[in-house]
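Student: Provided below: work-v2.cif, containing mmCIF, C-alpha atoms.
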```
data_target
loop_
_atom_site.label_atom_id
_atom_site.label_comp_id
_atom_site.auth_asym_id
_atom_site.auth_seq_id
_atom_site.Cartn_x
_atom_site.Cartn_y
_atom_site.Cartn_z
CA MET A 1 76.71 93.60 115.50
CA VAL A 2 80.18 94.77 116.48
CA ALA A 3 80.51 96.72 113.23
CA ALA A 4 77.29 98.57 114.12
CA LEU A 5 78.68 99.39 117.55
CA TYR A 6 81.91 100.66 115.98
CA ARG A 7 79.96 102.86 113.55
CA VAL A 8 77.94 104.40 116.39
CA VAL A 9 81.00 104.93 118.60
CA ASP A 10 82.94 106.49 115.74
CA ALA A 11 80.11 108.83 114.77
CA GLU A 12 78.51 109.62 118.12
CA GLY A 13 80.83 108.49 120.91
CA LEU A 14 80.74 105.65 123.38
CA ASP A 15 78.01 107.18 125.53
CA ALA A 16 75.62 107.02 122.56
CA ALA A 17 76.24 103.30 122.08
CA SER A 18 73.19 102.07 123.98
CA LEU A 19 71.46 98.80 123.14
CA PRO A 20 68.50 100.66 121.55
CA ARG A 21 70.85 102.83 119.46
CA ILE A 22 72.85 99.83 118.26
CA ALA A 23 69.60 98.01 117.48
CA ARG A 24 68.49 100.98 115.35
CA GLU A 25 71.83 100.91 113.54
CA LEU A 26 71.20 97.23 112.77
CA ASN A 27 67.56 97.82 111.82
CA ALA A 28 66.70 95.34 114.57
CA THR A 29 64.87 95.43 117.85
CA THR A 30 66.40 96.05 121.24
CA GLY A 31 64.90 92.73 122.31
CA LEU A 32 66.97 90.92 119.71
CA LEU A 33 70.17 92.43 121.08
CA GLN A 34 69.10 91.60 124.63
CA LYS A 35 68.99 87.93 123.65
CA TYR A 36 72.79 88.15 123.36
CA PHE A 37 73.70 90.98 125.73
CA ARG A 38 71.98 91.84 129.00
CA SER A 39 73.55 95.28 129.16
CA LYS A 40 75.58 97.86 127.31
CA ASP A 41 78.61 96.82 129.39
CA GLU A 42 78.33 93.22 128.15
CA LEU A 43 78.17 94.47 124.57
CA LEU A 44 81.17 96.72 125.13
CA LEU A 45 83.21 93.88 126.62
CA PHE A 46 82.34 91.69 123.67
CA ALA A 47 83.27 94.45 121.21
CA GLN A 48 86.56 95.14 122.99
CA ASP A 49 87.40 91.43 122.87
CA GLN A 50 86.60 91.40 119.15
CA LEU A 51 88.89 94.36 118.54
CA VAL A 52 91.73 92.64 120.41
CA GLU A 53 91.16 89.41 118.46
CA GLU A 54 91.14 91.31 115.16
CA LEU A 55 94.38 93.12 115.97
CA THR A 56 96.02 89.93 117.24
CA ALA A 57 95.15 88.13 114.02
CA ARG A 58 96.54 90.99 111.93
CA VAL A 59 99.77 91.02 113.93
CA GLN A 60 100.19 87.26 113.75
CA ALA A 61 99.70 87.38 109.98
CA VAL A 62 102.34 90.09 109.61
CA LEU A 63 104.86 88.38 111.85
CA SER A 64 104.48 85.06 110.03
CA GLN A 65 105.53 86.63 106.73
CA GLU A 66 109.02 86.57 105.29
CA GLY A 67 111.28 89.56 105.67
CA SER A 68 113.50 91.27 108.18
CA LEU A 69 112.47 91.42 111.83
CA GLN A 70 112.59 95.20 111.68
CA ASP A 71 110.20 95.34 108.72
CA ARG A 72 107.84 92.82 110.26
CA LEU A 73 107.85 94.63 113.62
CA ARG A 74 107.16 97.93 111.84
CA GLU A 75 104.19 96.41 110.03
CA ALA A 76 102.95 94.80 113.24
CA LEU A 77 103.19 98.07 115.16
CA CYS A 78 101.39 99.90 112.35
CA ALA A 79 98.62 97.30 112.55
CA ILE A 80 98.36 97.64 116.33
CA ALA A 81 98.35 101.44 116.03
CA LEU A 82 95.50 101.20 113.50
CA VAL A 83 97.54 103.41 111.19
CA ASP A 84 95.36 102.43 108.23
CA ASP A 85 92.04 103.02 110.00
CA ALA A 86 91.48 106.35 111.81
CA ALA A 87 87.84 105.43 112.50
CA ARG A 88 88.86 102.26 114.29
CA ALA A 89 91.52 104.28 116.16
CA ARG A 90 88.70 106.53 117.46
CA VAL A 91 86.88 103.42 118.69
CA TRP A 92 90.07 102.20 120.40
CA LEU A 93 90.53 105.59 122.06
CA ALA A 94 86.92 105.60 123.29
CA PHE A 95 87.44 102.17 124.85
CA ALA A 96 90.74 103.24 126.39
CA ALA A 97 89.14 106.32 127.95
CA ARG A 98 86.26 104.29 129.36
CA ALA A 99 88.71 101.71 130.71
CA ALA A 100 90.15 104.37 133.02
CA ALA A 101 86.89 104.31 135.02
CA ASN A 102 85.73 100.72 134.44
CA PRO A 103 87.71 98.00 136.26
CA VAL A 104 86.70 95.19 133.89
CA LEU A 105 87.54 97.15 130.75
CA LEU A 106 90.74 98.34 132.42
CA GLN A 107 91.82 94.79 133.18
CA ARG A 108 91.29 93.80 129.55
CA HIS A 109 93.03 96.92 128.29
CA VAL A 110 96.03 96.26 130.52
CA GLU A 111 96.16 92.64 129.35
CA GLY A 112 96.16 93.79 125.73
CA ALA A 113 98.93 96.28 126.47
CA ARG A 114 100.95 93.54 128.15
CA GLN A 115 100.57 91.36 125.07
CA ILE A 116 101.85 94.19 122.88
CA ARG A 117 104.86 94.74 125.16
CA ASP A 118 105.58 91.00 125.20
CA LEU A 119 105.40 90.86 121.41
CA CYS A 120 107.77 93.80 121.07
CA ARG A 121 110.16 92.38 123.67
CA HIS A 122 110.26 89.02 121.89
CA VAL A 123 110.99 90.54 118.48
CA LEU A 124 113.59 92.94 119.87
CA GLU A 125 115.39 90.17 121.71
CA ALA A 126 115.24 87.93 118.63
CA ALA A 127 117.06 90.74 116.78
CA GLY A 128 119.68 90.96 119.55
CA LEU A 129 118.33 94.27 120.85
CA ASP A 130 117.32 95.41 124.33
CA GLY A 131 113.92 93.91 125.12
CA GLY A 132 113.40 96.67 127.68
CA GLU A 133 112.66 99.00 124.78
CA ALA A 134 109.29 97.23 124.47
CA VAL A 135 107.69 99.59 126.99
CA GLY A 136 108.70 102.57 124.86
CA LEU A 137 107.43 100.94 121.68
CA ALA A 138 104.06 100.21 123.32
CA ALA A 139 103.84 103.84 124.46
CA LEU A 140 104.75 105.03 120.96
CA VAL A 141 102.02 102.85 119.47
CA ASP A 142 99.45 104.19 121.95
CA GLY A 143 100.44 107.76 121.12
CA VAL A 144 100.27 107.19 117.38
CA THR A 145 96.86 105.55 117.77
CA ALA A 146 95.55 108.44 119.86
CA GLN A 147 96.84 110.98 117.36
CA ARG A 148 95.34 109.03 114.44
CA ALA A 149 92.03 109.17 116.32
CA LEU A 150 92.18 112.82 117.32
CA GLU A 151 94.08 114.48 114.46
CA PRO A 152 93.93 112.22 111.41
CA ASP A 153 94.73 115.17 109.12
CA VAL A 154 98.01 115.74 110.98
CA MET A 155 98.88 112.15 111.93
CA THR A 156 98.09 110.77 108.50
CA GLU A 157 98.65 107.13 107.63
CA GLU A 158 101.93 108.09 105.96
CA VAL A 159 103.17 110.21 108.87
CA ALA A 160 102.24 107.52 111.39
CA GLY A 161 104.10 104.89 109.41
CA ARG A 162 107.18 107.13 109.22
CA VAL A 163 107.10 107.87 112.97
CA ILE A 164 107.12 104.16 113.77
CA ALA A 165 109.72 103.34 111.10
CA ARG A 166 112.09 106.09 112.28
CA HIS A 167 111.90 104.92 115.88
CA LEU A 168 112.70 101.36 114.87
CA GLU A 169 115.59 102.58 112.69
CA ARG A 170 117.05 104.33 115.74
CA LEU A 171 116.68 101.15 117.81
CA TRP A 172 118.25 98.98 115.14
CA GLY A 173 121.06 101.50 114.72
CA ARG A 174 122.16 100.96 118.33
CA THR A 175 123.50 97.46 117.66
#
```
Go ahead and render the structure in this file as structure tokens.
Tutor:
Amino acid sequence: MVAALYRVVDAEGLDAASLPRIARELNATTGLLQKYFRSKDELLLFAQDQLVEELTARVQAVLSQEGSLQDRLREALCAIALVDDAARARVWLAFAARAAANPVLLQRHVEGARQIRDLCRHVLEAAGLDGGEAVGLAALVDGVTAQRALEPDVMTEEVAGRVIARHLERLWGRT
């Protein structure tokens, strides 16, 4: 169900992601979707939660691996920035834009951003670096994600990875 929503949002935008349109994407009836979601907003909240859970799981998997903190943080930031998935980055951007005008989505977006900053702060401090840099890393990740969504031919997967890696190299070089 969420994958169908993502496909519609990626192809047609968030406004097109109505319950009837998602039902058509699933080859199902609107009534079937309404058994689970009373409104588009409920479906969007569910999908946003799923995206956060997916990204959290990816980050936890990366951070639990062996290797240097810098390498693991780079991989985690690339995962959060959806460097390997421009389509999913477009979905993230659509949710972020809608969050600006929807208090419930905004609250969840802000909570996700706080979790990213906390993750960055923890890893930076574990490496003996300034945890205050976490705000900048979170902003960098948001910018990379937005550029992957809007200009994937310019902010390619390779370029995005290098942008994040170079920033971390500068941070690590300050010790």
Student: Decode the PyMOL selection byres ((chain A and resi 46) around 12) for the given file into explicit residues and return them as a ChimeraX atom specification.
Tutor: /A:1-3,5-6,36-45,47-53,95,104-105,108
Student: Selection in question (the file shown): the PyMOL selection byres ((chain A and resi 160) around 12). Which residues does it include, as a short mmCIF file (atom, residue, chain, number, x, y, z; two decimals) with C-alpha atoms, in the frame of the given file?
Tutor:
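Result saved to expr_32.cif:
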```
data_model
loop_
_atom_site.label_atom_id
_atom_site.label_comp_id
_atom_site.auth_asym_id
_atom_site.auth_seq_id
_atom_site.Cartn_x
_atom_site.Cartn_y
_atom_site.Cartn_z
CA ARG A 74 107.16 97.93 111.84
CA GLU A 75 104.19 96.41 110.03
CA LEU A 77 103.19 98.07 115.16
CA CYS A 78 101.39 99.90 112.35
CA ALA A 79 98.62 97.30 112.55
CA ILE A 80 98.36 97.64 116.33
CA ALA A 81 98.35 101.44 116.03
CA LEU A 82 95.50 101.20 113.50
CA VAL A 83 97.54 103.41 111.19
CA ASP A 84 95.36 102.43 108.23
CA ASP A 85 92.04 103.02 110.00
CA ALA A 86 91.48 106.35 111.81
CA LEU A 140 104.75 105.03 120.96
CA VAL A 141 102.02 102.85 119.47
CA ASP A 142 99.45 104.19 121.95
CA GLY A 143 100.44 107.76 121.12
CA VAL A 144 100.27 107.19 117.38
CA THR A 145 96.86 105.55 117.77
CA ALA A 146 95.55 108.44 119.86
CA GLN A 147 96.84 110.98 117.36
CA ARG A 148 95.34 109.03 114.44
CA ALA A 149 92.03 109.17 116.32
CA GLU A 151 94.08 114.48 114.46
CA PRO A 152 93.93 112.22 111.41
CA ASP A 153 94.73 115.17 109.12
CA VAL A 154 98.01 115.74 110.98
CA MET A 155 98.88 112.15 111.93
CA THR A 156 98.09 110.77 108.50
CA GLU A 157 98.65 107.13 107.63
CA GLU A 158 101.93 108.09 105.96
CA VAL A 159 103.17 110.21 108.87
CA GLY A 161 104.10 104.89 109.41
CA ARG A 162 107.18 107.13 109.22
CA VAL A 163 107.10 107.87 112.97
CA ILE A 164 107.12 104.16 113.77
CA ALA A 165 109.72 103.34 111.10
CA ARG A 166 112.09 106.09 112.28
CA HIS A 167 111.90 104.92 115.88
#
```
Student: Please indicate the distance in Å from CA of Arg58 (chain A) to CA of Gly112 (chain A), rounded to one decimal place.
Tutor: 14.1 Å
Student: Take CA of Gln34 (chain A) and CA of Pro20 (chain A) and report the distance between them in Å, one decimal.
Tutor: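 Value for the CA of Gln34 (chain A)-CA of Pro20 (chain A) distance: 9.6 Å.
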Student: Tell me which of A:Leu19, A:Ala138, A:Ala101, A:Leu33 sits closest to Asp118 (chain A), counting all atoms listed in the file.
Tutor: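 Smallest separation from Asp118 (chain A) among the options: A:Ala138.
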Student: As an exercise, work out the distance from CA of Arg72 (chain A) to CA of Leu124 (chain A) in Å and give it to one decimal place.
Tutor: 11.2 Å
Student: Nearest to Asp15 (chain A): which of A:Val91, A:Ala57, A:Ser68, A:Lys35 is it, counting only C-alpha atoms?
Tutor: A:Val91
Student: Render region 120-131 of chain A from the structure in the preceding block as a file of all heavy atoms, as a CSV table (one decimal), in the first residue's frame.
Tutor:
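Result file is selection-v5.csv:
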```csv
chain,number,residue,atom,x,y,z
A,120,CYS,N,23.8,12.2,14.8
A,120,CYS,CA,25.0,12.8,14.4
A,120,CYS,C,25.8,13.3,15.6
A,120,CYS,O,27.0,13.1,15.7
A,120,CYS,CB,24.7,14.0,13.4
A,120,CYS,SG,24.0,13.5,11.8
A,121,ARG,N,25.1,13.9,16.5
A,121,ARG,CA,25.8,14.4,17.7
A,121,ARG,C,26.5,13.3,18.5
A,121,ARG,O,27.6,13.4,18.9
A,121,ARG,CB,24.8,15.1,18.6
A,121,ARG,CG,25.4,15.7,19.9
A,121,ARG,CD,24.4,16.5,20.7
A,121,ARG,NE,23.8,17.6,20.0
A,121,ARG,CZ,22.6,17.7,19.5
A,121,ARG,NH1,21.8,16.7,19.7
A,121,ARG,NH2,22.2,18.7,18.8
A,122,HIS,N,25.8,12.2,18.6
A,122,HIS,CA,26.3,11.0,19.4
A,122,HIS,C,27.6,10.5,18.7
A,122,HIS,O,28.6,10.2,19.3
A,122,HIS,CB,25.2,9.9,19.5
A,122,HIS,CG,25.7,8.6,20.0
A,122,HIS,ND1,26.0,8.5,21.4
A,122,HIS,CD2,26.0,7.5,19.4
A,122,HIS,CE1,26.5,7.2,21.6
A,122,HIS,NE2,26.5,6.6,20.4
A,123,VAL,N,27.5,10.3,17.4
A,123,VAL,CA,28.6,9.8,16.6
A,123,VAL,C,29.8,10.8,16.7
A,123,VAL,O,31.0,10.4,16.9
A,123,VAL,CB,28.3,9.4,15.2
A,123,VAL,CG1,29.5,9.0,14.4
A,123,VAL,CG2,27.2,8.3,15.2
A,124,LEU,N,29.5,12.0,16.5
A,124,LEU,CA,30.6,13.0,16.5
A,124,LEU,C,31.3,13.1,17.9
A,124,LEU,O,32.5,13.1,18.0
A,124,LEU,CB,30.0,14.4,16.2
A,124,LEU,CG,29.6,14.6,14.7
A,124,LEU,CD1,28.9,15.9,14.6
A,124,LEU,CD2,30.8,14.6,13.8
A,125,GLU,N,30.5,13.0,18.9
A,125,GLU,CA,31.0,13.1,20.3
A,125,GLU,C,31.8,11.8,20.6
A,125,GLU,O,32.9,11.8,21.2
A,125,GLU,CB,29.9,13.3,21.3
A,125,GLU,CG,29.4,14.7,21.3
A,125,GLU,CD,28.2,15.0,22.1
A,125,GLU,OE1,27.6,14.0,22.7
A,125,GLU,OE2,27.8,16.2,22.2
A,126,ALA,N,31.3,10.6,20.1
A,126,ALA,CA,32.1,9.4,20.3
A,126,ALA,C,33.4,9.4,19.6
A,126,ALA,O,34.4,8.8,20.0
A,126,ALA,CB,31.2,8.2,19.7
A,127,ALA,N,33.5,10.2,18.5
A,127,ALA,CA,34.8,10.4,17.8
A,127,ALA,C,35.7,11.5,18.4
A,127,ALA,O,36.7,11.8,17.9
A,127,ALA,CB,34.5,10.7,16.4
A,128,GLY,N,35.2,12.1,19.5
A,128,GLY,CA,35.9,13.2,20.1
A,128,GLY,C,35.8,14.6,19.4
A,128,GLY,O,36.6,15.5,19.6
A,129,LEU,N,34.7,14.7,18.6
A,129,LEU,CA,34.5,15.9,17.8
A,129,LEU,C,33.4,16.7,18.5
A,129,LEU,O,32.7,16.3,19.4
A,129,LEU,CB,34.1,15.6,16.4
A,129,LEU,CG,35.2,14.8,15.6
A,129,LEU,CD1,34.6,14.3,14.3
A,129,LEU,CD2,36.4,15.6,15.4
A,130,ASP,N,33.2,17.9,18.0
A,130,ASP,CA,32.2,18.8,18.5
A,130,ASP,C,30.8,18.4,18.1
A,130,ASP,O,30.4,18.4,16.9
A,130,ASP,CB,32.4,20.3,17.9
A,130,ASP,CG,31.4,21.3,18.3
A,130,ASP,OD1,30.5,21.0,19.2
A,130,ASP,OD2,31.5,22.4,17.8
A,131,GLY,N,30.0,17.9,19.0
A,131,GLY,CA,28.6,17.5,18.8
A,131,GLY,C,27.7,18.6,18.2
A,131,GLY,O,26.7,18.3,17.6
```
